[in-house]
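What's in coords_23.cif: mmCIF, C-alpha atoms and all ligand atoms
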data_entry
loop_
_atom_site.label_atom_id
_atom_site.label_comp_id
_atom_site.auth_asym_id
_atom_site.auth_seq_id
_atom_site.Cartn_x
_atom_site.Cartn_y
_atom_site.Cartn_z
CA MET R 1 8.19 -7.98 -23.77
CA ALA R 2 8.21 -5.72 -20.69
CA LYS R 3 6.53 -7.08 -17.58
CA ILE R 4 3.54 -5.23 -16.16
CA ALA R 5 3.08 -3.80 -12.66
CA PHE R 6 -0.26 -2.42 -11.41
CA ILE R 7 0.31 0.12 -8.63
CA THR R 8 -2.59 1.59 -6.65
CA GLY R 9 -2.15 4.98 -4.98
CA ALA R 10 0.57 6.05 -7.41
CA THR R 11 -0.04 9.80 -7.04
CA SER R 12 2.15 10.20 -3.94
CA GLY R 13 4.58 8.63 -1.50
CA PHE R 14 5.38 4.91 -1.75
CA GLY R 15 3.23 4.38 -4.85
CA ALA R 16 4.91 7.13 -6.88
CA ALA R 17 8.36 5.93 -5.75
CA CYS R 18 7.48 2.35 -6.80
CA ALA R 19 6.31 3.64 -10.19
CA ARG R 20 9.63 5.44 -10.74
CA LEU R 21 11.73 2.44 -9.68
CA PHE R 22 9.78 -0.07 -11.76
CA ALA R 23 10.03 2.31 -14.74
CA ALA R 24 13.79 2.64 -14.24
CA ASN R 25 13.91 -1.16 -14.52
CA GLY R 26 11.91 -1.20 -17.76
CA TRP R 27 8.51 -2.36 -16.46
CA SER R 28 5.25 -1.33 -18.13
CA LEU R 29 3.02 0.40 -15.61
CA ILE R 30 -0.64 0.59 -14.75
CA LEU R 31 -1.04 3.51 -12.35
CA CYS R 32 -4.08 4.76 -10.50
CA GLY R 33 -5.21 7.10 -7.76
CA ARG R 34 -7.93 9.70 -7.35
CA ARG R 35 -5.92 12.82 -8.33
CA GLN R 36 -6.02 13.16 -12.10
CA GLU R 37 -3.45 15.96 -12.37
CA ARG R 38 -0.83 14.09 -10.35
CA LEU R 39 -1.38 10.97 -12.45
CA GLU R 40 -0.97 12.94 -15.66
CA THR R 41 2.28 14.53 -14.43
CA LEU R 42 3.69 11.13 -13.44
CA ARG R 43 2.52 9.54 -16.66
CA ALA R 44 4.24 12.29 -18.68
CA GLU R 45 7.46 11.83 -16.68
CA LEU R 46 7.58 8.04 -17.09
CA ALA R 47 6.06 7.57 -20.54
CA ALA R 48 9.34 8.72 -22.11
CA LYS R 49 10.93 5.51 -20.74
CA VAL R 50 8.19 2.87 -20.55
CA SER R 51 4.56 2.15 -21.48
CA VAL R 52 2.18 3.69 -18.95
CA HIS R 53 -1.57 3.26 -18.59
CA ALA R 54 -2.78 5.75 -15.97
CA PHE R 55 -6.37 6.38 -14.93
CA VAL R 56 -8.38 7.82 -12.08
CA LEU R 57 -9.66 5.09 -9.78
CA ASP R 58 -11.11 5.18 -6.31
CA VAL R 59 -10.34 1.70 -4.96
CA ARG R 60 -13.43 1.92 -2.73
CA ASP R 61 -15.65 1.62 -5.82
CA GLU R 62 -15.88 -2.11 -6.52
CA ALA R 63 -17.68 -1.72 -9.85
CA ALA R 64 -15.06 0.79 -11.05
CA VAL R 65 -12.22 -1.55 -10.02
CA LYS R 66 -13.81 -4.47 -11.89
CA ARG R 67 -14.44 -2.30 -14.95
CA ALA R 68 -10.90 -0.88 -14.98
CA VAL R 69 -9.39 -4.36 -14.89
CA ALA R 70 -11.83 -5.81 -17.45
CA GLU R 71 -11.21 -2.89 -19.83
CA LEU R 72 -7.40 -2.86 -19.68
CA PRO R 73 -5.84 -2.43 -23.13
CA ALA R 74 -4.64 -5.84 -24.39
CA GLU R 75 -0.97 -4.91 -23.98
CA PHE R 76 -1.56 -4.25 -20.24
CA ALA R 77 -3.80 -7.25 -19.50
CA ASP R 78 -1.23 -9.75 -18.21
CA ILE R 79 -0.41 -8.17 -14.86
CA GLU R 80 2.70 -9.65 -13.25
CA ILE R 81 2.78 -7.54 -10.07
CA LEU R 82 -0.05 -5.94 -8.11
CA VAL R 83 1.15 -3.42 -5.53
CA ASN R 84 -1.81 -2.87 -3.21
CA ASN R 85 -0.51 0.42 -1.84
CA ALA R 86 -3.50 2.83 -1.76
CA GLY R 87 -4.38 3.51 1.84
CA LEU R 88 -4.62 6.04 4.58
CA ALA R 89 -4.88 6.77 8.28
CA LEU R 90 -7.36 9.35 9.55
CA GLY R 91 -7.01 10.83 13.02
CA LEU R 92 -5.10 9.83 16.11
CA GLU R 93 -7.83 10.25 18.71
CA PRO R 94 -8.73 7.65 21.32
CA ALA R 95 -11.47 5.31 20.09
CA GLN R 96 -14.21 6.87 22.21
CA ARG R 97 -13.68 10.23 20.46
CA CYS R 98 -13.15 9.06 16.87
CA ASP R 99 -15.27 10.09 13.96
CA MET R 100 -17.21 7.08 12.58
CA GLU R 101 -16.83 8.44 9.05
CA ASP R 102 -13.04 8.30 9.43
CA TRP R 103 -13.23 4.71 10.61
CA GLU R 104 -15.46 3.78 7.69
CA ARG R 105 -13.15 5.45 5.16
CA MET R 106 -10.16 3.53 6.50
CA VAL R 107 -12.06 0.23 6.37
CA ASP R 108 -13.40 1.02 2.88
CA THR R 109 -9.98 1.96 1.51
CA ASN R 110 -7.43 -0.16 3.38
CA ILE R 111 -9.51 -3.33 3.63
CA LYS R 112 -12.26 -3.28 1.01
CA GLY R 113 -10.28 -1.44 -1.68
CA LEU R 114 -7.41 -3.90 -1.28
CA MET R 115 -9.89 -6.80 -1.46
CA TYR R 116 -11.53 -5.44 -4.63
CA CYS R 117 -8.20 -4.97 -6.45
CA THR R 118 -6.91 -8.37 -5.39
CA ARG R 119 -10.13 -10.17 -6.35
CA ALA R 120 -10.20 -8.48 -9.77
CA ILE R 121 -6.58 -9.20 -10.66
CA LEU R 122 -5.89 -12.57 -9.01
CA PRO R 123 -7.84 -14.80 -11.46
CA GLY R 124 -5.57 -13.68 -14.32
CA MET R 125 -2.47 -14.42 -12.29
CA VAL R 126 -3.75 -17.87 -11.36
CA ALA R 127 -4.76 -18.61 -14.97
CA ARG R 128 -1.24 -17.70 -16.12
CA ASN R 129 0.23 -19.48 -13.08
CA GLN R 130 2.46 -16.46 -12.50
CA GLY R 131 2.30 -13.21 -10.57
CA HIS R 132 2.98 -11.49 -7.27
CA VAL R 133 0.64 -9.59 -4.97
CA VAL R 134 2.54 -7.10 -2.81
CA ASN R 135 0.42 -5.65 -0.04
CA ILE R 136 1.49 -2.57 1.88
CA GLY R 137 0.66 -3.32 5.49
CA SER R 138 2.20 -1.55 8.46
CA VAL R 139 3.89 -2.14 11.79
CA ALA R 140 0.55 -0.81 13.07
CA GLY R 141 -0.97 -4.16 12.05
CA THR R 142 1.19 -5.92 14.63
CA TYR R 143 1.96 -3.42 17.39
CA PRO R 144 -0.81 -1.42 19.06
CA TYR R 145 -0.35 2.26 19.87
CA PRO R 146 -2.66 4.90 21.34
CA GLY R 147 -4.85 6.33 18.59
CA GLY R 148 -4.00 3.49 16.19
CA ASN R 149 -7.41 1.86 16.81
CA VAL R 150 -9.05 1.24 13.41
CA TYR R 151 -6.01 2.11 11.27
CA GLY R 152 -3.94 -0.61 12.98
CA ALA R 153 -6.86 -3.02 12.75
CA THR R 154 -7.12 -2.49 8.97
CA LYS R 155 -3.43 -3.31 8.65
CA ALA R 156 -3.90 -6.43 10.82
CA PHE R 157 -6.48 -7.46 8.22
CA VAL R 158 -3.87 -6.91 5.48
CA LYS R 159 -1.38 -9.06 7.40
CA GLN R 160 -3.77 -12.01 7.88
CA PHE R 161 -5.30 -11.69 4.41
CA SER R 162 -1.79 -11.90 2.92
CA LEU R 163 -1.05 -15.09 4.85
CA ASN R 164 -4.41 -16.60 3.94
CA LEU R 165 -3.83 -15.78 0.27
CA ARG R 166 -0.62 -17.78 0.49
CA ALA R 167 -2.64 -20.71 1.83
CA ASP R 168 -5.06 -20.53 -1.10
CA LEU R 169 -2.32 -20.10 -3.70
CA VAL R 170 0.01 -22.85 -2.55
CA ASN R 171 -0.67 -24.96 -5.65
CA THR R 172 0.19 -22.04 -7.97
CA ARG R 173 3.32 -20.01 -8.75
CA VAL R 174 1.61 -16.80 -7.57
CA ARG R 175 3.48 -15.10 -4.73
CA VAL R 176 2.19 -12.86 -1.93
CA THR R 177 4.22 -10.49 0.24
CA ASN R 178 3.11 -8.15 3.00
CA ILE R 179 5.47 -5.21 3.54
CA GLU R 180 5.08 -3.64 6.96
CA PRO R 181 6.81 -0.26 7.28
CA GLY R 182 7.14 1.89 10.37
CA LEU R 183 7.68 5.65 10.41
CA ALA R 184 8.03 6.88 6.82
CA GLU R 185 7.80 10.44 5.55
CA SER R 186 5.23 11.01 2.79
CA GLU R 187 1.84 12.72 2.63
CA PHE R 188 0.62 10.08 5.10
CA SER R 189 0.63 12.36 8.17
CA LEU R 190 -0.76 15.33 6.25
CA VAL R 191 -3.72 13.11 5.32
CA ARG R 192 -3.97 11.70 8.85
CA PHE R 193 -4.15 15.22 10.31
CA LYS R 194 -6.46 16.46 7.52
CA GLY R 195 -4.13 19.05 6.03
CA ASP R 196 -2.65 20.38 9.30
CA SER R 197 0.96 20.65 8.11
CA ALA R 198 2.33 21.76 11.49
CA LYS R 199 1.00 18.58 13.12
CA ALA R 200 2.20 16.48 10.20
CA ASP R 201 5.70 18.00 10.23
CA HIS R 202 5.94 17.41 13.98
CA VAL R 203 5.69 13.64 13.41
CA TYR R 204 9.03 13.64 11.59
CA GLN R 205 10.78 16.43 13.52
CA GLY R 206 14.23 15.44 14.77
CA THR R 207 13.99 11.98 13.20
CA GLU R 208 15.44 10.32 10.14
CA PRO R 209 12.35 8.47 8.93
CA LEU R 210 12.13 5.93 6.13
CA ARG R 211 11.74 7.53 2.71
CA SER R 212 9.30 6.44 0.02
CA GLU R 213 12.30 5.34 -2.03
CA ASP R 214 13.31 2.92 0.77
CA ILE R 215 9.93 1.22 0.54
CA ALA R 216 10.06 1.11 -3.27
CA ASP R 217 13.49 -0.50 -3.00
CA ILE R 218 12.08 -3.21 -0.70
CA VAL R 219 9.07 -3.82 -2.95
CA TYR R 220 11.36 -4.16 -5.96
CA TRP R 221 13.76 -6.43 -4.08
CA ALA R 222 10.89 -8.69 -2.97
CA VAL R 223 9.53 -9.09 -6.50
CA SER R 224 12.94 -9.66 -8.04
CA ARG R 225 13.83 -12.72 -5.90
CA PRO R 226 13.99 -16.02 -7.81
CA ALA R 227 10.52 -17.33 -8.76
CA HIS R 228 10.59 -20.13 -6.15
CA VAL R 229 11.19 -17.69 -3.26
CA ASN R 230 8.21 -16.14 -1.44
CA LEU R 231 8.87 -13.48 1.18
CA ASN R 232 5.78 -13.74 3.38
CA SER R 233 6.34 -10.50 5.25
CA ILE R 234 8.96 -7.81 5.59
CA GLU R 235 8.84 -5.54 8.63
CA VAL R 236 10.95 -2.40 8.41
CA MET R 237 11.53 0.61 10.66
CA PRO R 238 13.94 3.51 10.52
CA VAL R 239 16.87 3.11 12.90
CA CYS R 240 15.45 5.93 15.05
CA GLN R 241 12.27 3.93 15.85
CA ALA R 242 11.80 1.04 18.28
CA PHE R 243 9.32 -0.31 20.84
CA ALA R 244 7.85 1.23 23.97
CA PRO R 245 7.25 -0.65 27.25
CA PHE R 246 3.71 -1.76 28.13
CA ALA R 247 1.63 1.09 29.49
CA ILE R 248 0.53 0.64 33.10
CA HIS R 249 -1.99 2.97 34.68
CA ARG R 250 -1.43 3.44 38.44
CA GLU R 251 -3.94 5.04 40.78
CA SER R 252 -2.31 8.01 42.47
P1 LIG E 1 0.53 8.98 0.86
O1 LIG E 1 -0.59 9.70 1.52
O2 LIG E 1 1.72 9.75 0.41
O3 LIG E 1 -0.02 8.12 -0.36
C1 LIG E 1 -1.24 7.43 -0.30
C2 LIG E 1 -1.69 7.07 -1.69
O4 LIG E 1 -2.93 6.33 -1.59
C3 LIG E 1 -1.95 8.28 -2.57
O5 LIG E 1 -1.43 8.07 -3.85
C4 LIG E 1 -3.48 8.36 -2.63
O6 LIG E 1 -3.87 8.87 -3.90
C5 LIG E 1 -3.84 6.88 -2.54
N1 LIG E 1 -5.22 6.67 -2.10
C6 LIG E 1 -5.79 6.99 -0.91
N2 LIG E 1 -7.09 6.69 -0.92
C7 LIG E 1 -7.36 6.15 -2.15
C8 LIG E 1 -8.53 5.65 -2.78
N3 LIG E 1 -9.71 5.61 -2.14
N4 LIG E 1 -8.44 5.18 -4.05
C9 LIG E 1 -7.26 5.20 -4.69
N5 LIG E 1 -6.12 5.67 -4.17
C10 LIG E 1 -6.17 6.14 -2.90
O7 LIG E 1 0.97 7.85 1.92
P2 LIG E 1 2.07 6.67 1.83
O8 LIG E 1 2.74 6.62 0.53
O9 LIG E 1 2.88 6.77 3.05
O10 LIG E 1 1.08 5.44 2.02
C11 LIG E 1 1.02 4.34 1.14
C12 LIG E 1 0.60 3.10 1.91
O11 LIG E 1 1.59 2.83 2.91
C13 LIG E 1 -0.71 3.23 2.69
O12 LIG E 1 -1.42 2.01 2.56
C14 LIG E 1 -0.27 3.46 4.12
O13 LIG E 1 -1.22 3.01 5.06
C15 LIG E 1 0.99 2.62 4.17
N6 LIG E 1 1.96 2.93 5.19
C16 LIG E 1 2.49 4.21 5.34
C17 LIG E 1 3.44 4.44 6.32
C18 LIG E 1 3.99 5.81 6.56
O14 LIG E 1 4.47 6.05 7.69
N7 LIG E 1 3.99 6.71 5.61
C19 LIG E 1 3.96 3.36 7.14
C20 LIG E 1 3.33 2.09 6.93
C21 LIG E 1 2.40 1.90 5.97
P3 LIG E 1 -5.11 9.87 -4.16
O15 LIG E 1 -5.23 10.76 -2.96
O16 LIG E 1 -4.72 10.58 -5.42
O17 LIG E 1 -6.28 8.95 -4.36
C1 LIG E 2 2.00 3.95 9.34
C2 LIG E 2 2.93 3.79 10.48
O1 LIG E 2 3.20 4.04 12.99
O2 LIG E 2 2.03 5.82 11.81
O3 LIG E 2 1.38 2.76 9.03
O4 LIG E 2 0.96 3.69 12.17
S1 LIG E 2 2.23 4.35 11.91
#

Serialized structure, structure tokens:
Amino acid sequence: MAKIAFITGATSGFGAACARLFAANGWSLILCGRRQERLETLRAELAAKVSVHAFVLDVRDEAAVKRAVAELPAEFADIEILVNNAGLALGLEPAQRCDMEDWERMVDTNIKGLMYCTRAILPGMVARNQGHVVNIGSVAGTYPYPGGNVYGATKAFVKQFSLNLRADLVNTRVRVTNIEPGLAESEFSLVRFKGDSAKADHVYQGTEPLRSEDIADIVYWAVSRPAHVNLNSIEVMPVCQAFAPFAIHRES
């Protein structure tokens, strides 16, 4: 029987690329996101190859997450892989100028949404003594940058939560991996700059960023290691990206 992967935020970017790669490898898929039309298009594309259960879900809605998991059709109930991918950055302003609503949306999606999905799906994995939670963190969870304020802090949560899950799951066969990408081209910047495509395009101008397919490849590689191998974290950047020196303000 085909194994089952649950991918959040499958309507775009990394999530859609993961869905296509898992489908190419014969996995059954549970796909969700908020954009119904995108989900339907992806479902139609992949359903010719594999079983797909796709539904609209806002991961910020705890009751809806619980209901969606509780009401999974029997053939999709035994989830082997959870890819906690749904997430977003909003704005790149210094903290003192940020919009509180943006901060709250990032916390609600990147932290609380990931918590809700994990908490709903983990008991089944533990009961079956099998499964793998793959969280999509970010280099922003480790390295600070101007304007990264709450976005980076949400990804630092993902990093520590992933490690703490490992601590709780040590007496099970359930694996946890945090994948921490750097610059990757997707709709991420368009969302961050609220639809300003000139600003979003500028982020990638003159660079060769990671592609969504690169991240899907890493997710798939991580989950296809032998069952006794747990990759705790994988940090990845495009070759064109590296680190800046510490900033020092000097009085003139
Ligand atoms: P995209 O904007 O292309 O994709 C984000 C996905 O998340 C979409 O499918 C979106 O679907 C979904 N999503 C957002 N909010 C919600 C919500 N409340 N409920 C359900 N789904 C939601 O960006 P990426 O593919 O680049 O981002 C995927 C993940 O990777 C994010 O967690 C991001 O922080 C992380 N990341 C991205 C990097 C990059 O440079 N691109 C680098 C490092 C990490 P919909 O709008 O339909 O709900
Ligand atoms: C996305 C990467 O550098 O834009 O998580 O924060 S970055």

Q | One-decimal distance in Å that lies between atom CA of R:Ala247 and atom CA of R:Ala153 | A |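 We find that atom CA of R:Ala153 and atom CA of R:Ala247 lie 19.2 Å from each other.
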
**Q.** R:Lys155, R:His132, R:Lys49, R:Arg35 ranked by distance to R:Gly87, top pick (using all atoms listed in the file)
**A.** R:Lys155

Name the residues within 12 Å of (10.4, -17.5, -1.5), counting only C-alpha atoms in the file's coordinates, and put them as a tab-separated table (two decimals) with C-alpha atoms, keeping the file's coordinate frame.
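The resulting file, point-v8.tsv, is shown below:
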chain	number	residue	atom	x	y	z
R	132	HIS	CA	2.98	-11.49	-7.27
R	166	ARG	CA	-0.62	-17.78	0.49
R	170	VAL	CA	0.01	-22.85	-2.55
R	173	ARG	CA	3.32	-20.01	-8.75
R	174	VAL	CA	1.61	-16.80	-7.57
R	175	ARG	CA	3.48	-15.10	-4.73
R	176	VAL	CA	2.19	-12.86	-1.93
R	177	THR	CA	4.22	-10.49	0.24
R	221	TRP	CA	13.76	-6.43	-4.08
R	222	ALA	CA	10.89	-8.69	-2.97
R	223	VAL	CA	9.53	-9.09	-6.50
R	224	SER	CA	12.94	-9.66	-8.04
R	225	ARG	CA	13.83	-12.72	-5.90
R	226	PRO	CA	13.99	-16.02	-7.81
R	227	ALA	CA	10.52	-17.33	-8.76
R	228	HIS	CA	10.59	-20.13	-6.15
R	229	VAL	CA	11.19	-17.69	-3.26
R	230	ASN	CA	8.21	-16.14	-1.44
R	231	LEU	CA	8.87	-13.48	1.18
R	232	ASN	CA	5.78	-13.74	3.38
R	233	SER	CA	6.34	-10.50	5.25

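With all atoms listed in the file as the atoms that count, the residue of R:Pro123, R:Gly13, R:Gly26, R:Pro73 with the shortest distance to R:Leu169 is R:Pro123.
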
Using all atoms listed in the file, find each residue of chain R with at least one atom at most 8 Å away from an atom of ligand LIG 2 (chain E); report its shortest atom-to-atom pair and that distance in Å (one decimal), sort the rows by chain and rising residue number, and return the result as JSON lines.
{"residue": "R:Ala89", "atom": "CA", "partner": "E:LIG2", "partner_atom": "O3", "distance": 7.5}
{"residue": "R:Gly137", "atom": "CA", "partner": "E:LIG2", "partner_atom": "O3", "distance": 7.1}
{"residue": "R:Ser138", "atom": "CA", "partner": "E:LIG2", "partner_atom": "O3", "distance": 4.4}
{"residue": "R:Val139", "atom": "CA", "partner": "E:LIG2", "partner_atom": "C2", "distance": 6.1}
{"residue": "R:Ala140", "atom": "CA", "partner": "E:LIG2", "partner_atom": "O4", "distance": 4.6}
{"residue": "R:Gly141", "atom": "CA", "partner": "E:LIG2", "partner_atom": "O3", "distance": 7.9}
{"residue": "R:Tyr145", "atom": "CA", "partner": "E:LIG2", "partner_atom": "O4", "distance": 7.9}
{"residue": "R:Gly148", "atom": "CA", "partner": "E:LIG2", "partner_atom": "O4", "distance": 6.4}
{"residue": "R:Tyr151", "atom": "CA", "partner": "E:LIG2", "partner_atom": "O4", "distance": 7.2}
{"residue": "R:Gly152", "atom": "CA", "partner": "E:LIG2", "partner_atom": "O4", "distance": 6.6}
{"residue": "R:Lys155", "atom": "CA", "partner": "E:LIG2", "partner_atom": "O3", "distance": 7.8}
{"residue": "R:Glu180", "atom": "CA", "partner": "E:LIG2", "partner_atom": "O3", "distance": 7.7}
{"residue": "R:Pro181", "atom": "CA", "partner": "E:LIG2", "partner_atom": "O3", "distance": 6.5}
{"residue": "R:Gly182", "atom": "CA", "partner": "E:LIG2", "partner_atom": "C2", "distance": 4.6}
{"residue": "R:Leu183", "atom": "CA", "partner": "E:LIG2", "partner_atom": "C2", "distance": 5.1}
{"residue": "R:Ala184", "atom": "CA", "partner": "E:LIG2", "partner_atom": "C2", "distance": 7.0}
{"residue": "R:Phe188", "atom": "CA", "partner": "E:LIG2", "partner_atom": "C1", "distance": 7.6}
{"residue": "R:Ser189", "atom": "CA", "partner": "E:LIG2", "partner_atom": "O2", "distance": 7.6}

**Q.** R:Ala156, R:Tyr143, R:Tyr220, R:Asn85 ranked by distance to R:Phe14, top pick (using all atoms listed in the file)
**A.** R:Asn85

Q. Which of these residues is nearest to R:Glu62, using all atoms listed in the file: R:Leu114, R:Leu190, R:Ala244, R:Ile81?
A.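 Under the stated criterion, the closest residue is R:Leu114.
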
Q: Please tell me which residues are no farther than 8 Å from (7.0, 5.9, 0.6) in the file, counting all atoms listed in the file, and write them as a list of chain:residue names.
A: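 Protein and nucleic acid residues near the point are R:Ser12, R:Gly13, R:Phe14, R:Gly15, R:Ala16, R:Ala17, R:Ala184, R:Glu185, R:Ser186, R:Leu210, R:Arg211, R:Ser212, R:Glu213, R:Asp214, R:Ile215, R:Ala216.
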
Q. Can you tell me, as number ranges by chain, what residues are no more than 12 Å from R:Ala74 when counting all atoms listed in the file, ignoring any on the same chain fewer than 5 positions away?
A. R: 4, 53, 69, 79

Q: Could you tell me which of R:Tyr116, R:Trp27, R:Phe246, R:Phe76 comes closest to ligand LIG 1 (chain E) if we count all atoms listed in the file?
A: R:Tyr116

Q. Mind pulling up the distance from atom O13 of ligand LIG 1 (chain E) to atom CA of R:Ala77?
A.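 Computed distance, atom CA of R:Ala77 to atom O13 of ligand LIG 1 (chain E), equals 26.7 Å.
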
Q: In Å, rounded to a single decimal, give me how far atom CA of R:Thr11 is from atom CA of R:Ala47.
A: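 Spanning atom CA of R:Ala47 to atom CA of R:Thr11 is a straight-line distance of 15.0 Å.
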
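Of the residues under consideration (R:Ile111, R:Met125, R:Leu21, R:Val52), R:Ile111 shows the shortest atom-to-atom contact distance to ligand LIG 1 (chain E) when counting only C-alpha atoms and all ligand atoms.
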
Kindly compute an axis-aligned box around the listed atoms of ligand LIG 1 (chain E), allowing 3 Å on each side, and express its centre and edge lengths in Å to one decimal as AutoDock Vina command-line options.
--center_x -2.6 --center_y 6.3 --center_z 1.1 --size_x 20.2 --size_y 14.9 --size_z 19.1

Q: May I have the residues within 9 Å of R:Leu39 as a PyMOL selection string, using all atoms listed in the file and disregarding those fewer than 6 positions away in the same chain?
A: chain R and resi 10-11+31-33+54-56

N, CA, C and O atoms for stretch 145-162 of chain R, written as a short mmCIF file (atom, residue, chain, number, x, y, z; two decimals), in the frame of the given file, could you do that?
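What landed in selection03.cif:
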data_model
loop_
_atom_site.label_atom_id
_atom_site.label_comp_id
_atom_site.auth_asym_id
_atom_site.auth_seq_id
_atom_site.Cartn_x
_atom_site.Cartn_y
_atom_site.Cartn_z
N TYR R 145 -0.78 0.98 19.28
CA TYR R 145 -0.35 2.26 19.87
C TYR R 145 -1.57 3.14 20.09
O TYR R 145 -2.59 2.97 19.39
N PRO R 146 -1.50 4.07 21.06
CA PRO R 146 -2.66 4.90 21.34
C PRO R 146 -3.08 5.68 20.10
O PRO R 146 -2.24 6.31 19.45
N GLY R 147 -4.35 5.62 19.76
CA GLY R 147 -4.85 6.33 18.59
C GLY R 147 -4.75 5.52 17.31
O GLY R 147 -5.21 5.95 16.25
N GLY R 148 -4.14 4.34 17.39
CA GLY R 148 -4.00 3.49 16.19
C GLY R 148 -5.27 2.72 15.88
O GLY R 148 -5.43 2.19 14.77
N ASN R 149 -6.17 2.66 16.83
CA ASN R 149 -7.41 1.86 16.81
C ASN R 149 -7.80 1.23 15.46
O ASN R 149 -7.37 0.12 15.15
N VAL R 150 -8.57 1.90 14.64
CA VAL R 150 -9.05 1.24 13.41
C VAL R 150 -7.96 1.17 12.33
O VAL R 150 -7.89 0.19 11.59
N TYR R 151 -7.09 2.18 12.28
CA TYR R 151 -6.01 2.11 11.27
C TYR R 151 -5.20 0.82 11.46
O TYR R 151 -5.00 0.04 10.52
N GLY R 152 -4.73 0.60 12.70
CA GLY R 152 -3.94 -0.61 12.98
C GLY R 152 -4.74 -1.87 12.68
O GLY R 152 -4.19 -2.85 12.17
N ALA R 153 -6.02 -1.84 12.99
CA ALA R 153 -6.86 -3.02 12.75
C ALA R 153 -7.00 -3.30 11.24
O ALA R 153 -7.02 -4.45 10.81
N THR R 154 -7.05 -2.24 10.43
CA THR R 154 -7.12 -2.49 8.97
C THR R 154 -5.83 -3.14 8.49
O THR R 154 -5.84 -3.98 7.59
N LYS R 155 -4.71 -2.74 9.09
CA LYS R 155 -3.43 -3.31 8.65
C LYS R 155 -3.24 -4.73 9.20
O LYS R 155 -2.50 -5.53 8.62
N ALA R 156 -3.89 -5.04 10.33
CA ALA R 156 -3.90 -6.43 10.82
C ALA R 156 -4.68 -7.30 9.84
O ALA R 156 -4.33 -8.45 9.59
N PHE R 157 -5.74 -6.74 9.27
CA PHE R 157 -6.48 -7.46 8.22
C PHE R 157 -5.53 -7.76 7.05
O PHE R 157 -5.48 -8.88 6.54
N VAL R 158 -4.77 -6.74 6.64
CA VAL R 158 -3.87 -6.91 5.48
C VAL R 158 -2.85 -8.02 5.77
O VAL R 158 -2.55 -8.85 4.90
N LYS R 159 -2.37 -8.04 7.01
CA LYS R 159 -1.38 -9.06 7.40
C LYS R 159 -1.99 -10.46 7.28
O LYS R 159 -1.43 -11.35 6.64
N GLN R 160 -3.16 -10.68 7.87
CA GLN R 160 -3.77 -12.01 7.88
C GLN R 160 -4.28 -12.40 6.49
O GLN R 160 -4.18 -13.56 6.09
N PHE R 161 -4.82 -11.43 5.78
CA PHE R 161 -5.30 -11.69 4.41
C PHE R 161 -4.13 -12.16 3.53
O PHE R 161 -4.26 -13.09 2.74
N SER R 162 -2.98 -11.52 3.71
CA SER R 162 -1.79 -11.90 2.92
C SER R 162 -1.41 -13.35 3.21
O SER R 162 -1.14 -14.13 2.29
#
